[in-house]
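**Q** Sharing upload19.txt below, compact mmCIF, C-alpha atoms and all ligand atoms:
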```txt
# COMPACT_ATOMS: atom_id res chain seq x y z
CA MET A 965 -29.80 19.67 -55.09
CA ASN A 966 -26.43 17.92 -55.10
CA GLY A 967 -24.84 21.07 -53.75
CA PHE A 968 -27.33 21.04 -50.87
CA VAL A 969 -26.58 17.40 -50.02
CA GLU A 970 -22.86 18.15 -50.16
CA GLU A 971 -23.33 21.14 -47.85
CA MET A 972 -25.34 19.05 -45.38
CA LYS A 973 -22.64 16.41 -45.40
CA ASN A 974 -19.99 19.03 -44.70
CA LEU A 975 -22.08 20.48 -41.90
CA LYS A 976 -22.55 17.03 -40.39
CA GLN A 977 -18.80 16.42 -40.56
CA ALA A 978 -18.12 19.82 -38.98
CA LEU A 979 -20.55 19.10 -36.12
CA GLN A 980 -19.02 15.69 -35.58
CA ASN A 981 -15.56 17.31 -35.38
CA VAL A 982 -16.81 19.80 -32.81
CA MET A 983 -18.14 17.00 -30.62
CA GLU A 984 -15.13 14.78 -31.11
CA HIS A 985 -12.68 17.53 -30.12
CA SER A 986 -14.79 19.22 -27.45
CA PRO A 987 -12.80 19.78 -24.24
CA ASP A 988 -15.83 18.55 -22.32
CA ALA A 989 -17.13 15.02 -22.32
CA VAL A 990 -20.05 14.81 -24.76
CA VAL A 991 -22.70 12.12 -24.59
CA ILE A 992 -25.57 11.85 -27.05
CA ALA A 993 -28.46 9.83 -25.71
CA GLY A 994 -31.90 9.07 -26.99
CA HIS A 995 -34.90 8.76 -24.66
CA GLU A 996 -32.95 6.14 -22.78
CA LYS A 997 -29.95 4.63 -24.49
CA ILE A 998 -26.55 6.19 -24.96
CA LEU A 999 -25.89 6.58 -28.70
CA TYR A 1000 -22.54 8.32 -28.86
CA VAL A 1001 -19.70 9.31 -26.51
CA ASN A 1002 -16.67 11.39 -27.57
CA GLU A 1003 -13.00 10.57 -26.73
CA ILE A 1004 -12.92 12.73 -23.58
CA GLY A 1005 -16.21 11.13 -22.55
CA LEU A 1006 -14.82 7.60 -22.89
CA LYS A 1007 -11.85 8.63 -20.70
CA LEU A 1008 -14.16 10.17 -18.11
CA PHE A 1009 -16.24 6.97 -17.99
CA HIS A 1010 -13.03 4.85 -17.84
CA ALA A 1011 -14.30 3.04 -20.94
CA ALA A 1012 -11.90 1.66 -23.54
CA SER A 1013 -14.40 1.96 -26.38
CA MET A 1014 -18.00 2.74 -27.19
CA ALA A 1015 -18.73 -1.01 -26.99
CA GLU A 1016 -18.59 -0.79 -23.19
CA MET A 1017 -21.26 1.91 -23.15
CA ASP A 1018 -23.52 0.58 -25.90
CA SER A 1019 -27.08 -0.34 -25.09
CA ARG A 1020 -26.81 1.12 -21.60
CA THR A 1021 -28.72 4.17 -20.42
CA LEU A 1022 -27.26 7.29 -18.88
CA VAL A 1023 -29.06 6.51 -15.62
CA ASP A 1024 -27.08 3.24 -15.43
CA PHE A 1025 -24.02 5.41 -14.80
CA VAL A 1026 -25.60 7.60 -12.14
CA HIS A 1027 -25.30 7.07 -8.38
CA PRO A 1028 -28.67 5.80 -7.02
CA ASN A 1029 -29.00 8.92 -4.82
CA ASP A 1030 -29.04 11.07 -7.95
CA HIS A 1031 -31.32 8.85 -10.09
CA GLN A 1032 -34.44 10.88 -9.46
CA ALA A 1033 -32.88 14.27 -10.23
CA VAL A 1034 -31.12 13.04 -13.37
CA LYS A 1035 -34.27 11.34 -14.69
CA GLU A 1036 -36.21 14.54 -14.20
CA ARG A 1037 -33.50 16.45 -16.12
CA ILE A 1038 -33.56 13.99 -18.99
CA LYS A 1039 -37.32 14.41 -19.25
CA ARG A 1040 -37.00 18.19 -19.45
CA VAL A 1041 -34.31 18.03 -22.15
CA MET A 1042 -36.36 15.56 -24.19
CA ASN A 1043 -39.23 18.05 -23.95
CA GLY A 1044 -37.02 20.61 -25.67
CA GLU A 1045 -35.58 22.49 -22.69
CA VAL A 1046 -31.89 23.46 -22.31
CA THR A 1047 -30.92 22.73 -18.71
CA ASP A 1048 -28.19 24.36 -16.60
CA PHE A 1049 -25.19 22.53 -15.18
CA MET A 1050 -26.23 20.26 -12.33
CA PRO A 1051 -23.90 18.30 -10.02
CA PHE A 1052 -24.23 14.54 -9.55
CA VAL A 1053 -22.11 11.47 -8.89
CA LEU A 1054 -21.19 9.43 -11.92
CA ILE A 1055 -20.49 5.72 -11.51
CA ARG A 1056 -17.91 4.79 -14.12
CA VAL A 1057 -17.61 1.56 -16.14
CA ASP A 1058 -15.26 0.10 -13.50
CA GLY A 1059 -17.61 1.08 -10.69
CA THR A 1060 -15.56 4.00 -9.34
CA PRO A 1061 -17.49 7.17 -8.46
CA LEU A 1062 -16.69 10.62 -9.85
CA GLU A 1063 -18.18 13.99 -8.96
CA VAL A 1064 -19.31 15.68 -12.15
CA GLU A 1065 -21.75 18.25 -13.42
CA MET A 1066 -23.86 17.98 -16.55
CA LYS A 1067 -25.78 20.20 -18.89
CA GLY A 1068 -28.42 18.92 -21.33
CA ILE A 1069 -29.26 20.39 -24.72
CA PRO A 1070 -32.02 19.01 -26.96
CA THR A 1071 -30.76 17.77 -30.33
CA PHE A 1072 -31.38 15.26 -33.12
CA PHE A 1073 -29.37 12.13 -33.78
CA ASN A 1074 -30.07 9.89 -36.75
CA HIS A 1075 -33.39 11.67 -37.35
CA GLN A 1076 -34.58 11.12 -33.78
CA ALA A 1077 -35.03 13.50 -30.88
CA ALA A 1078 -32.02 13.12 -28.60
CA GLN A 1079 -30.09 14.93 -25.88
CA HIS A 1080 -26.64 16.42 -26.18
CA ILE A 1081 -25.14 16.11 -22.72
CA LEU A 1082 -21.98 17.92 -21.60
CA ILE A 1083 -20.26 16.37 -18.58
CA ARG A 1084 -17.46 18.04 -16.58
CA ASP A 1085 -15.17 16.52 -13.99
CA MET A 1086 -15.58 18.53 -10.78
CA THR A 1087 -12.67 17.01 -8.83
CA GLU A 1088 -10.18 19.82 -9.45
CA ARG A 1089 -12.72 22.52 -8.76
CA LYS A 1090 -13.82 20.80 -5.55
CA LYS A 1091 -10.17 20.63 -4.45
CA THR A 1092 -9.66 24.35 -5.06
CA GLN A 1093 -12.88 25.10 -3.20
CA THR A 1094 -11.73 23.07 -0.20
CA LEU A 1095 -8.36 24.82 -0.25
CA LEU A 1096 -10.03 28.21 -0.38
CA LEU A 1097 -12.38 27.25 2.42
CA ASN A 1098 -9.46 26.08 4.54
CA SER A 1099 -7.44 29.25 4.06
CA GLU A 1100 -10.58 31.23 4.80
CA LYS A 1101 -11.02 29.26 8.02
CA LEU A 1102 -7.35 29.88 8.85
CA THR A 1103 -7.66 33.61 8.39
CA ILE A 1104 -10.82 33.76 10.46
CA ALA A 1105 -9.29 31.58 13.18
CA GLY A 1106 -6.22 33.83 13.19
CA GLN A 1107 -8.22 37.02 13.48
CA LEU A 1108 -10.46 35.56 16.16
CA ALA A 1109 -7.43 34.27 18.00
CA ALA A 1110 -5.79 37.67 18.15
CA GLY A 1111 -8.93 39.26 19.55
CA ILE A 1112 -10.02 36.54 21.93
CA ALA A 1113 -6.65 35.79 23.44
CA HIS A 1114 -5.97 39.40 24.41
CA GLU A 1115 -9.49 40.09 25.65
CA VAL A 1116 -9.81 36.92 27.71
CA ARG A 1117 -6.38 36.94 29.29
CA ASN A 1118 -6.85 39.99 31.50
CA PRO A 1119 -10.16 39.04 33.14
CA LEU A 1120 -8.84 35.51 33.50
CA THR A 1121 -5.84 36.71 35.49
CA ALA A 1122 -8.19 38.65 37.78
CA ILE A 1123 -10.47 35.63 38.26
CA LYS A 1124 -7.48 33.40 39.02
CA GLY A 1125 -6.33 35.84 41.69
CA PHE A 1126 -9.74 35.99 43.36
CA ILE A 1127 -10.12 32.23 43.28
CA LYS A 1128 -6.81 31.89 45.13
CA LEU A 1129 -8.11 34.34 47.74
CA LEU A 1130 -11.38 32.42 48.05
CA GLU A 1131 -9.56 29.13 48.40
CA ALA A 1132 -7.49 30.50 51.25
CA GLN A 1133 -10.65 31.62 53.08
CA LEU A 1134 -12.73 28.49 52.66
CA GLU A 1135 -12.61 25.32 54.73
CA ASN A 1136 -14.13 23.12 52.05
CA LYS A 1137 -11.73 22.99 49.12
CA THR A 1138 -13.46 20.16 47.22
CA TYR A 1139 -13.94 21.85 43.88
CA PHE A 1140 -10.72 23.86 43.70
CA ASP A 1141 -8.70 21.15 41.97
CA ILE A 1142 -11.22 21.09 39.14
CA ILE A 1143 -11.37 24.87 38.97
CA HIS A 1144 -7.56 25.10 38.77
CA SER A 1145 -7.22 22.41 36.13
CA GLU A 1146 -9.96 23.98 34.00
CA MET A 1147 -8.27 27.37 34.37
CA ASP A 1148 -5.00 25.79 33.22
CA ARG A 1149 -6.77 24.40 30.21
CA ILE A 1150 -8.15 27.83 29.28
CA GLU A 1151 -4.64 29.23 29.62
CA LEU A 1152 -3.21 26.48 27.43
CA ILE A 1153 -5.69 27.26 24.67
CA LEU A 1154 -5.02 30.98 25.01
CA SER A 1155 -1.27 30.51 24.83
CA GLU A 1156 -1.65 28.47 21.63
CA LEU A 1157 -3.93 31.12 20.17
CA LEU A 1158 -1.53 33.89 21.14
CA VAL A 1159 1.13 32.39 18.90
CA LEU A 1160 -1.26 33.09 16.03
CA ALA A 1161 -1.83 36.61 17.17
CA LYS A 1162 1.87 37.39 17.33
CA PRO A 1163 3.31 37.16 13.81
CA GLN A 1164 3.44 40.97 13.48
CA ASP A 1165 6.48 41.25 15.71
CA LEU A 1166 8.56 38.53 14.13
CA LYS A 1167 12.33 38.89 14.51
CA PHE A 1168 14.18 37.26 11.63
CA GLN A 1169 17.80 36.47 12.40
CA LYS A 1170 20.39 34.00 11.20
CA GLU A 1171 20.19 30.96 13.48
CA LYS A 1172 22.04 27.68 13.56
CA MET A 1173 19.56 24.87 12.89
CA SER A 1174 21.37 22.32 15.07
CA THR A 1175 21.53 24.69 18.08
CA LEU A 1176 17.86 25.52 17.72
CA ILE A 1177 16.85 21.85 17.67
CA GLU A 1178 19.23 20.94 20.49
CA GLU A 1179 17.57 23.60 22.63
CA VAL A 1180 14.13 22.22 21.84
CA LYS A 1181 15.33 18.71 22.62
CA ALA A 1182 16.73 19.87 25.96
CA LEU A 1183 13.38 21.46 26.75
CA ILE A 1184 11.38 18.33 25.91
CA ASP A 1185 13.81 15.66 27.17
CA THR A 1186 12.66 15.64 30.81
CA GLN A 1187 9.06 15.14 29.84
CA ALA A 1188 10.12 12.54 27.26
CA ASN A 1189 12.06 10.58 29.87
CA MET A 1190 9.06 10.54 32.18
CA ASN A 1191 7.02 9.08 29.34
CA ASN A 1192 9.63 6.47 28.40
CA VAL A 1193 10.31 8.23 25.14
CA GLN A 1194 13.85 8.28 23.77
CA ILE A 1195 14.69 11.22 21.46
CA ASP A 1196 17.69 10.84 19.12
CA LEU A 1197 19.15 13.68 17.14
CA LEU A 1198 21.15 13.09 13.95
CA ASN A 1199 22.77 16.09 12.33
CA GLU A 1200 24.15 15.41 8.87
CA CYS A 1201 24.91 18.95 7.89
CA GLY A 1202 27.09 20.54 10.55
CA ASP A 1203 26.56 24.22 11.07
CA VAL A 1204 23.88 25.03 8.55
CA SER A 1205 21.96 28.17 9.49
CA LEU A 1206 18.89 29.94 8.25
CA GLN A 1207 17.11 33.27 8.51
CA CYS A 1208 14.25 32.74 10.96
CA ASP A 1209 12.36 33.77 14.05
CA LYS A 1210 13.96 31.45 16.58
CA ASN A 1211 11.07 31.32 19.02
CA GLN A 1212 8.51 30.60 16.36
CA LEU A 1213 10.55 27.76 14.89
CA LYS A 1214 11.02 26.35 18.36
CA GLN A 1215 7.25 26.45 18.76
CA VAL A 1216 6.92 24.37 15.56
CA PHE A 1217 9.27 21.64 16.76
CA ILE A 1218 7.78 21.63 20.27
CA ASN A 1219 4.31 21.17 18.74
CA PHE A 1220 5.44 18.28 16.54
CA LEU A 1221 7.45 16.59 19.30
CA LYS A 1222 4.56 16.95 21.74
CA ASN A 1223 2.26 15.28 19.22
CA SER A 1224 4.75 12.47 18.70
CA MET A 1225 5.00 11.88 22.44
CA GLU A 1226 1.24 11.96 22.83
CA ALA A 1227 1.00 9.31 20.07
CA MET A 1228 3.17 6.99 22.21
CA PRO A 1229 1.37 6.61 25.55
CA ASP A 1230 3.49 3.54 26.37
CA GLY A 1231 6.77 5.09 25.31
CA GLY A 1232 8.83 4.68 22.16
CA ASN A 1233 11.37 6.41 19.96
CA ILE A 1234 11.58 9.73 18.21
CA THR A 1235 14.34 10.44 15.70
CA ILE A 1236 15.08 13.97 14.57
CA GLU A 1237 17.27 14.23 11.47
CA ILE A 1238 18.72 17.42 10.06
CA LYS A 1239 19.61 16.96 6.41
CA LYS A 1240 20.76 19.30 3.69
CA CYS A 1241 18.68 18.41 0.65
CA THR A 1242 20.24 20.88 -1.77
CA ASP A 1243 22.56 23.87 -1.39
CA GLU A 1244 19.49 26.03 -0.88
CA LYS A 1245 17.35 23.86 1.35
CA VAL A 1246 17.51 22.12 4.72
CA LYS A 1247 15.22 19.27 5.66
CA ILE A 1248 14.23 18.27 9.18
CA LEU A 1249 12.67 14.84 9.62
CA ILE A 1250 10.79 13.90 12.78
CA LYS A 1251 9.93 10.23 13.00
CA ASP A 1252 8.02 8.58 15.82
CA SER A 1253 6.97 5.02 16.59
CA GLY A 1254 3.51 6.09 17.73
CA ASN A 1255 0.05 4.84 16.83
CA GLY A 1256 -0.09 6.88 13.61
CA ILE A 1257 -2.81 8.84 11.88
CA PRO A 1258 -5.50 6.81 10.05
CA PRO A 1259 -5.45 7.51 6.27
CA HIS A 1260 -8.91 9.08 6.25
CA LEU A 1261 -7.86 11.61 8.92
CA LEU A 1262 -4.43 12.39 7.46
CA GLN A 1263 -5.81 15.04 5.13
CA ARG A 1264 -7.58 16.77 8.02
CA ILE A 1265 -4.36 17.32 9.98
CA GLY A 1266 -3.82 21.05 10.27
CA GLU A 1267 -7.48 22.04 10.01
CA PRO A 1268 -8.28 24.52 12.77
CA PHE A 1269 -9.60 22.71 15.86
CA PHE A 1270 -9.19 19.24 14.33
CA THR A 1271 -8.18 16.92 17.16
CA THR A 1272 -8.59 13.26 18.05
CA LYS A 1273 -7.60 13.83 21.67
CA GLU A 1274 -10.04 14.24 24.48
CA SER A 1275 -8.19 17.27 25.79
CA GLY A 1276 -6.60 18.41 22.51
CA THR A 1277 -6.99 21.89 21.08
CA GLY A 1278 -6.48 21.02 17.41
CA LEU A 1279 -4.36 24.13 16.97
CA GLY A 1280 -0.79 22.80 17.17
CA VAL A 1281 -0.36 21.59 13.59
CA MET A 1282 -2.29 24.49 12.15
CA ILE A 1283 -0.10 27.04 13.94
CA SER A 1284 3.04 25.13 12.97
CA LYS A 1285 1.99 25.08 9.31
CA GLN A 1286 1.38 28.80 9.41
CA ILE A 1287 4.79 29.50 10.97
CA ILE A 1288 6.50 27.28 8.41
CA GLU A 1289 4.71 29.13 5.60
CA ASN A 1290 5.81 32.46 7.10
CA HIS A 1291 9.36 31.13 6.73
CA HIS A 1292 8.70 30.12 3.09
CA GLY A 1293 9.05 26.46 4.04
CA CYS A 1294 6.76 23.49 3.62
CA VAL A 1295 5.71 20.46 5.65
CA ASN A 1296 4.61 16.94 4.71
CA PHE A 1297 3.12 14.13 6.77
CA TRP A 1298 3.33 10.38 6.24
CA SER A 1299 1.75 7.96 8.66
CA ASP A 1300 0.77 4.35 9.16
CA GLU A 1301 0.16 2.11 12.16
CA ASP A 1302 3.94 1.93 12.81
CA GLY A 1303 4.28 5.65 13.30
CA THR A 1304 4.42 9.07 11.74
CA LEU A 1305 7.05 10.87 9.70
CA ILE A 1306 7.01 14.65 9.44
CA GLU A 1307 9.23 16.41 6.93
CA VAL A 1308 9.86 20.14 7.27
CA ILE A 1309 11.79 21.91 4.53
CA PHE A 1310 13.20 25.45 4.83
CA PRO A 1311 15.06 27.53 2.31
CA LEU A 1312 18.56 28.45 3.55
CA GLY A 1313 19.72 32.02 3.75
P1 LIG B 1401 -3.87 18.40 19.32
O1 LIG B 1401 -2.49 17.86 19.58
O2 LIG B 1401 -4.30 19.41 20.32
O3 LIG B 1401 -4.88 17.33 19.09
P2 LIG B 1401 -2.70 19.18 16.83
O4 LIG B 1401 -3.07 20.21 15.80
O5 LIG B 1401 -1.33 19.29 17.41
O6 LIG B 1401 -3.81 19.23 17.94
O7 LIG B 1401 -2.86 17.75 16.17
C1 LIG B 1401 -4.06 17.41 15.52
C2 LIG B 1401 -4.26 15.92 15.44
O8 LIG B 1401 -3.32 15.36 14.54
C3 LIG B 1401 -4.04 15.17 16.73
O9 LIG B 1401 -5.21 15.18 17.53
C4 LIG B 1401 -3.69 13.77 16.24
O10 LIG B 1401 -4.86 13.05 15.94
C5 LIG B 1401 -3.00 14.03 14.92
N1 LIG B 1401 -1.52 13.93 15.02
C6 LIG B 1401 -0.64 14.94 14.88
N2 LIG B 1401 0.63 14.50 14.99
C7 LIG B 1401 0.56 13.15 15.21
C8 LIG B 1401 1.53 12.10 15.40
N3 LIG B 1401 2.86 12.34 15.42
N4 LIG B 1401 1.07 10.84 15.59
C9 LIG B 1401 -0.27 10.58 15.58
N5 LIG B 1401 -1.22 11.52 15.40
C10 LIG B 1401 -0.83 12.79 15.22
MG MG B 1402 -0.72 18.94 19.46
```
Here is a file; write its structure as C-alpha cells.
**A**
Amino acid sequence: MNGFVEEMKNLKQALQNVMEHSPDAVVIAGHEKILYVNEIGLKLFHAASMAEMDSRTLVDFVHPNDHQAVKERIKRVMNGEVTDFMPFVLIRVDGTPLEVEMKGIPTFFNHQAAQHILIRDMTERKKTQTLLLNSEKLTIAGQLAAGIAHEVRNPLTAIKGFIKLLEAQLENKTYFDIIHSEMDRIELILSELLVLAKPQDLKFQKEKMSTLIEEVKALIDTQANMNNVQIDLLNECGDVSLQCDKNQLKQVFINFLKNSMEAMPDGGNITIEIKKCTDEKVKILIKDSGNGIPPHLLQRIGEPFFTTKESGTGLGVMISKQIIENHHGCVNFWSDEDGTLIEVIFPLG
C-alpha cells in the first residue's frame, strides 16, 4: 500500500513538473475559478504571481466579444470533451489585449473535475501570416502589372490618336480637357506598373552614388522650385560607387522625392544625405518637413495600392521597396507631424 502511495506521489510530482515546464501557458480552472497557472502562463497574463489571478474566472480575462464562444467551450470541456485550438482575445491583468488560441482538456484537480487549458500567443504567427500575405499580394500585383501594362498600352495609344482626330473635327470641345487628363492618369498608372514588369532586363553596372543622386536632383529641382521646396544634398563619402541598375535606382529616389514634395503642399525643405555607414554599406537619408505619416498608417506604407492621396496610385513605395530588395538593400521609414525620414541602405560593390 505504501508503495502505491509513493508511486502516486511521484506521478503527481511528475505531472506537476510537466505543467510547470510546459512551453505553452497552462491554466487549470474549475467550473469557474482559475486554480493554477504555470510560469509561462503568469508571463502571458502579465501577472507577477498567482495571487493576481486567484479567485477570478477565465472569462474575466476574455474580451467581451469572445465571452459567448469561450463559455460554450468551457461547458464542453467540463462535460468531458477535448476541444481543438480556438482563437480569442485575452485581456491581461494590466488590461492589455493579446491574440491567443486555447485548447481545453478535461482533467481533475484536488479531486474535482477541472479543465486543463493550453494557451498560445498568436502574435508571432499573425505577423508571419501578414508578411506572407503581403509578399503574395506583391507577387500577384507584379504579375498583373506585367500583363495589364503591356496589353492596355497599345489600344490606349490608338484611342489617344483617334481622340485627337475627333477633337480636331468637332466644334464643341467641352469634354476634351477631362478626356485628356483622364488619359494622362491612365498612362501614369501604366508607367508605374511597367517598372514592375521590367526587372527581367536589369543592367547592373558600377555607378557613382553622388552622380546618380545629383542627376535625380537636377530632374526634380524645377518642379521643387515651383512648389517652394528647397532640396539640399550633403555628400559625406566622396566617390563611393555601387553595382546597380542606374535607371531603377533613379526611379526609387524620384518616387521618394515626389512623395516628400507632395507631403509639403505649402513648400518646405528636403535634405538628401549620402553617408558611408561601414566599409561595405552606403546609407542615403531623405528627410522632409512635410505633414508626416500617422503612426497607424506607417505600417501600411508599401502595401500595393495603399494611398492617402485623392489621385495617388499607391504603387510608388511598393515599387521602390521591390527595386531596393533587388539590389540587396533595405529601407526604413520614420515619421511624425514634423516630417518624414527615409533611410535606404545598399551594400557596396
Ligand atoms: P502615392 O504617392 O501614389 O500615394 P506611394 O506608394 O508613393 O503612393 O505612397 C503611399 C502613401 O504613403 C502616400 O499616399 C502617403 O500617404 C504616404 N507617404 C509616402 N511618403 C510620404 C512622405 N514623405 N510624407 C508623408 N506621407 C508619405
Ligand atoms: Mg508616390
**Q** Can you work out the spacing between CA of Asp1018 in chain A and CA of Met972 in chain A in Å, to one decimal?
**A**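 Computing it gives 26.9 Å between the two atoms.
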**Q** As an exercise, work out the distance from CA of Glu1226 in chain A to CA of Pro1311 in chain A in Å and give it to one decimal place.
**A**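 If I compute the distance from CA of Glu1226 in chain A to CA of Pro1311 in chain A, I get 29.2 Å.
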**Q** Distance limit 8 Å, reference ligand LIG 1401 (chain B), atoms considered: only C-alpha atoms and all ligand atoms. Which residues make the cut? Give them as a PyMOL selection string.
**A** chain A and resi 1219-1228+1251-1252+1254-1257+1261-1262+1264-1273+1275-1283+1299+1303-1306
**Q** Residues within 9 Å of Lys1240 in chain A, please, as a list in words. Count all atoms listed in the file; anything in the same chain fewer than 4 positions from it doesn't count.
**A**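 After dropping sequence-adjacent residues, the list is Glu1200, Cys1201, Val1204, Glu1244, Lys1245, Val1246, Lys1247 and Ile1248 of chain A.
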**Q** Could you check the closest approach to Gly1202 in chain A for each of A:Lys1285, A:His1027, A:Lys1172, A:Arg1084 and tell me which residue wins, using only C-alpha atoms?
**A**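 Checking each candidate against Gly1202 in chain A, we get A:Lys1172 as the closest.
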**Q** Show me as a ChimeraX atom specification the residues that reach within 12 Å of (16.5, 18.8, 25.6), counting only C-alpha atoms and using the file's own coordinates.
**A** /A:1175-1189,1194-1197,1214,1217-1218,1221
**Q** Using only C-alpha atoms and all ligand atoms, which of the listed residues (A:Leu1054, A:Leu1152, A:Leu1166, A:Leu1158) sits closest to ligand MG 1402 (chain B)?
**A**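 Using only C-alpha atoms and all ligand atoms, ligand MG 1402 (chain B) sits closest to A:Leu1152.
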**Q** At a cut-off of 7 Å, using all atoms listed in the file, what residues contact range 991-1003 of chain A? Leave out same-chain residues fewer than 5 positions from it and give the result as an MDAnalysis selection string.
**A** chainID A and resid 983:984 1014 1018:1022 1042 1077:1082
**Q** Could you tell me how far CA of Val969 in chain A lies from CA of His1075 in chain A, in Å and to one decimal?
**A**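 Calculated distance between CA of Val969 in chain A and CA of His1075 in chain A is 15.5 Å.
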**Q** Quick one: everything within 6 Å of Phe1168 in chain A, counting only C-alpha atoms, minus sequence neighbours fewer than 4 positions away in the same chain. Send it as a ChimeraX atom specification.
**A** /A:1207-1209
**Q** Taking all atoms listed in the file into account, which of A:Ser1284, A:Asn1233, A:Ser1155, A:Gln1133 comes nearest ligand MG 1402 (chain B)?
**A**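 Comparing A:Ser1284, A:Asn1233, A:Ser1155, A:Gln1133 against ligand MG 1402 (chain B), the winner is A:Ser1284.
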**Q** Counting only C-alpha atoms and all ligand atoms, figure out which residue out of A:Gln1215, A:Asn1029, A:Ser1253, A:Thr1092 gets nearest to ligand MG 1402 (chain B).
**A**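 Checking each of A:Gln1215, A:Asn1029, A:Ser1253, A:Thr1092 against ligand MG 1402 (chain B), counting only C-alpha atoms and all ligand atoms, the winner is A:Gln1215.
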**Q** I'd like the neighbourhood of Ala1011 in chain A as a PyMOL selection string, where a residue qualifies if any of its atoms comes within 12 Å (using only C-alpha atoms), though same-chain residues fewer than 3 positions away should be ignored.
**A** chain A and resi 1001-1008+1014-1018+1025+1055-1060
**Q** Using the file's own x, y and z axes, so that the box edges lie along x, y and z, what centre and edge lengths in Å (one decimal) does a box around every listed atom of range 1246-1258 of chain A get when 5 Å is added on each side? Give it as JSON.
**A**
```
{"center_x": 6.0, "center_y": 13.5, "center_z": 11.2, "size_x": 33.0, "size_y": 27.3, "size_z": 23.0}
```
